[in-house]
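Undergrad: Here it is, the structure, as structure tokens.
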Amino acid sequence: MCFISQENPYMCNNECDASTEELAHPPELMFDFEGRNPTTFWQSTSWKKYPKPLQVNLTLSWNKTIELTDDIVLTFESGRPEQMVLEKSLDQGRTWTPYQFYATDCLDAFTMEPKTVNELTQHTLLDIICTEDYSRGYVWKNDKTVRFEIKDRFALFAGPRLHNMASLYGQLDTTKTLRDFFTITDLRIRLLKPATGATMVDENNLSRYFYAISDIKVQGRCKCNLHGNTCVYDKGRLGCQCEHNTTGPDCSRCKRHYHGRAWSVGSYLPIPKGTANICECYCHAV
Ligand SMILES: [Ca+2]
């Protein structure tokens with residue numbers, strides 16, 4: 001669904017070979033179907049072949065605004081990185097803002113107090129936090145995942161089991177900053193320090209350190225401003241199938257001859273049916 005690019009060319013360490021199909025670990029292997037044996041994964045070059053420190057950016061671009069509906073989950077086959085930042089863009093990668101910082105030691109890495117998503121409240125939901133929950137390198141309690149917790153944030157409005165989604169939708173309807181928080185066009189994963197599994201980096205054995213990711217899950221829906229339910233590829237670009245006489249990739253304007261009243265985003269309110277805010281034909285206006 002998305003396109004991925006790396007700022008650093010991917011090369012494998014001496015345990016694999018990018019030029020041989022069976023031994024290569026290209027980025028596509030983060031997006032193929034998992035659940036079979038063995039897992040398939042992307043692997044970066046090792047620290048040895050790279051000037052200090054080993055840093056890699058992974059960028060995911062949809063060329064379309066997407067509303068996140070579930071947690072972002074990265075599964076690492078190497079140890080989880082000791083320092084990492086997840087960033088988002090809302091304008092096709094022109095500007096970026098952090099989504100969450102991850103480190104074994106937040107103060108040391110980012111001069112931020114460590115926090116967990118459970119400490120957030122309705123009032124601090126938009127705060128960008130540094131968490132130490134996902135950075136224990138080598139197979140800590142067998143957990144290989146790094147998450148950005150969307151559902152825990154939803155739960156601040158919708159309740160622990162998300163039983164009161166109406167309350168969340170009501171908030172999303174009236175608070176643009178909240179809507180924008182869950183909306184992206186691109187994601188960037190900045191891998192800043194690989195797992196070392198020790199306090200000291202073994203300088204003589206830098207080929208031990210690298211990043212490997214087997215799966216990236218991003219679940220969301222196309223943002224259609226509540227004027228469409230589905231997205232389709234048109235000429236290689238993702239776009240909404242617009243209803244309510246609207247048009248554009250996000251259904252963000254009225255169709256020609258339907259400017260009888262100004263375009264307006266659809267509304268979740270009143271629950272449960274919402275308000276379509278249909279673009280009306282001129283003929284109704286005169
Ligand atoms: Ca995979």
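Going through the structure tokens in order, the chains are called A, B, and so on, while each chain numbers its residues from 1 and the ligands are numbered from 1 in the order shown.
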A:Arg153: which residues within 9 Å, counting only C-alpha atoms, same-chain residues fewer than 6 positions away excluded, as a count of residues only?
TA: 6
Undergrad: Name the residues, by chain letter and number, that sit within 8 Å of ligand 1 using only C-alpha atoms and all ligand atoms, and give them as a list in words.
TA: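 My answer, listing the contacting residues, is Glu28, Leu29, Met30, Phe31, Asp32, Phe33, Glu34, Thr39, Thr40, Phe41, Trp42, Ile213, Ser214 and Asp215 of chain A.
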Undergrad: Pull C-alpha atoms from the residues just selected and write them as a short mmCIF file (atom, residue, chain, number, x, y, z; two decimals), in the first residue's frame.
TA:
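Okay, again.cif is ready:
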```
data_model
loop_
_atom_site.label_atom_id
_atom_site.label_comp_id
_atom_site.auth_asym_id
_atom_site.auth_seq_id
_atom_site.Cartn_x
_atom_site.Cartn_y
_atom_site.Cartn_z
CA GLU A 28 10.05 -5.15 0.89
CA LEU A 29 10.45 -7.95 3.41
CA MET A 30 9.05 -5.65 6.09
CA PHE A 31 5.69 -5.63 4.29
CA ASP A 32 5.16 -9.18 3.06
CA PHE A 33 2.80 -11.63 4.70
CA GLU A 34 4.14 -13.05 7.96
CA THR A 39 10.20 -14.92 9.03
CA THR A 40 11.43 -12.64 6.28
CA PHE A 41 13.16 -9.44 7.21
CA TRP A 42 15.02 -6.36 6.09
CA ILE A 213 12.89 -5.59 10.93
CA SER A 214 10.55 -8.36 9.80
CA ASP A 215 7.25 -6.52 9.85
#
```
Undergrad: Write out as JSON lines a residue-level contact list of stretch 92-128 of chain A versus stretch 186-195 of chain A with cut-off 12 Å: for each qualifying residue the closest pair of atoms and the distance in Å to one decimal, counting only C-alpha atoms, rows sorted by chain and residue number upward.
TA:
```
{"residue": "A:Gln92", "atom": "CA", "partner": "A:Asp186", "partner_atom": "CA", "distance": 6.2}
{"residue": "A:Gly93", "atom": "CA", "partner": "A:Asp186", "partner_atom": "CA", "distance": 6.2}
{"residue": "A:Arg94", "atom": "CA", "partner": "A:Asp186", "partner_atom": "CA", "distance": 9.8}
{"residue": "A:Thr95", "atom": "CA", "partner": "A:Asp186", "partner_atom": "CA", "distance": 10.0}
{"residue": "A:Trp96", "atom": "CA", "partner": "A:Arg188", "partner_atom": "CA", "distance": 8.5}
{"residue": "A:Thr97", "atom": "CA", "partner": "A:Arg188", "partner_atom": "CA", "distance": 9.6}
{"residue": "A:Pro98", "atom": "CA", "partner": "A:Arg188", "partner_atom": "CA", "distance": 9.0}
{"residue": "A:Tyr99", "atom": "CA", "partner": "A:Leu187", "partner_atom": "CA", "distance": 9.1}
{"residue": "A:Gln100", "atom": "CA", "partner": "A:Ile189", "partner_atom": "CA", "distance": 10.1}
{"residue": "A:Phe101", "atom": "CA", "partner": "A:Arg190", "partner_atom": "CA", "distance": 9.7}
{"residue": "A:Tyr102", "atom": "CA", "partner": "A:Leu191", "partner_atom": "CA", "distance": 9.7}
{"residue": "A:Ala103", "atom": "CA", "partner": "A:Lys193", "partner_atom": "CA", "distance": 9.0}
{"residue": "A:Thr104", "atom": "CA", "partner": "A:Ala195", "partner_atom": "CA", "distance": 9.6}
{"residue": "A:Asp105", "atom": "CA", "partner": "A:Lys193", "partner_atom": "CA", "distance": 11.8}
{"residue": "A:Ala109", "atom": "CA", "partner": "A:Leu192", "partner_atom": "CA", "distance": 9.7}
{"residue": "A:Phe110", "atom": "CA", "partner": "A:Leu192", "partner_atom": "CA", "distance": 11.2}
```
Undergrad: Might you pull out every residue within 6 Å of A:Tyr258, with only C-alpha atoms counted and same-chain residues fewer than 5 positions away left off, and present them as a list in words?
TA: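 The filter keeps Cys279, Glu280, Cys281 and Tyr282 of chain A.
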Undergrad: Take the residues just selected and output them with C-alpha atoms as a JSON list (two decimals), in the first residue's frame.
TA:
```json
[["chain", "number", "residue", "atom", "x", "y", "z"],
["A", 279, "CYS", "CA", -22.46, 19.86, -1.66],
["A", 280, "GLU", "CA", -25.57, 21.17, -3.32],
["A", 281, "CYS", "CA", -26.27, 22.00, -6.93],
["A", 282, "TYR", "CA", -26.63, 25.67, -7.94]]
```
Undergrad: Go through A:Ser46, A:Thr69, A:Ser267, A:Gln83 and flag the residue nearest A:Tyr169, using only C-alpha atoms for the distances.
TA: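 Using only C-alpha atoms, the shortest distance to A:Tyr169 belongs to A:Ser267.
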Undergrad: Between A:Ala276, A:Ala262, A:Ile72, A:Leu162, which is the closest to A:Cys242 once you count only C-alpha atoms?
TA: A:Ala276
Undergrad: From the options A:Gly266, A:Gly260, A:Gly35, A:Pro160, which residue's atoms come nearest to A:Cys224, counting only C-alpha atoms?
TA: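 With only C-alpha atoms as the atom set, the closest residue is A:Gly266.
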Undergrad: A:Asp70, A:Glu203, A:Glu149, A:Asp234: which is nearest A:Ile128, counting only C-alpha atoms?
TA: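 Selected residue with least distance to A:Ile128: A:Glu149.
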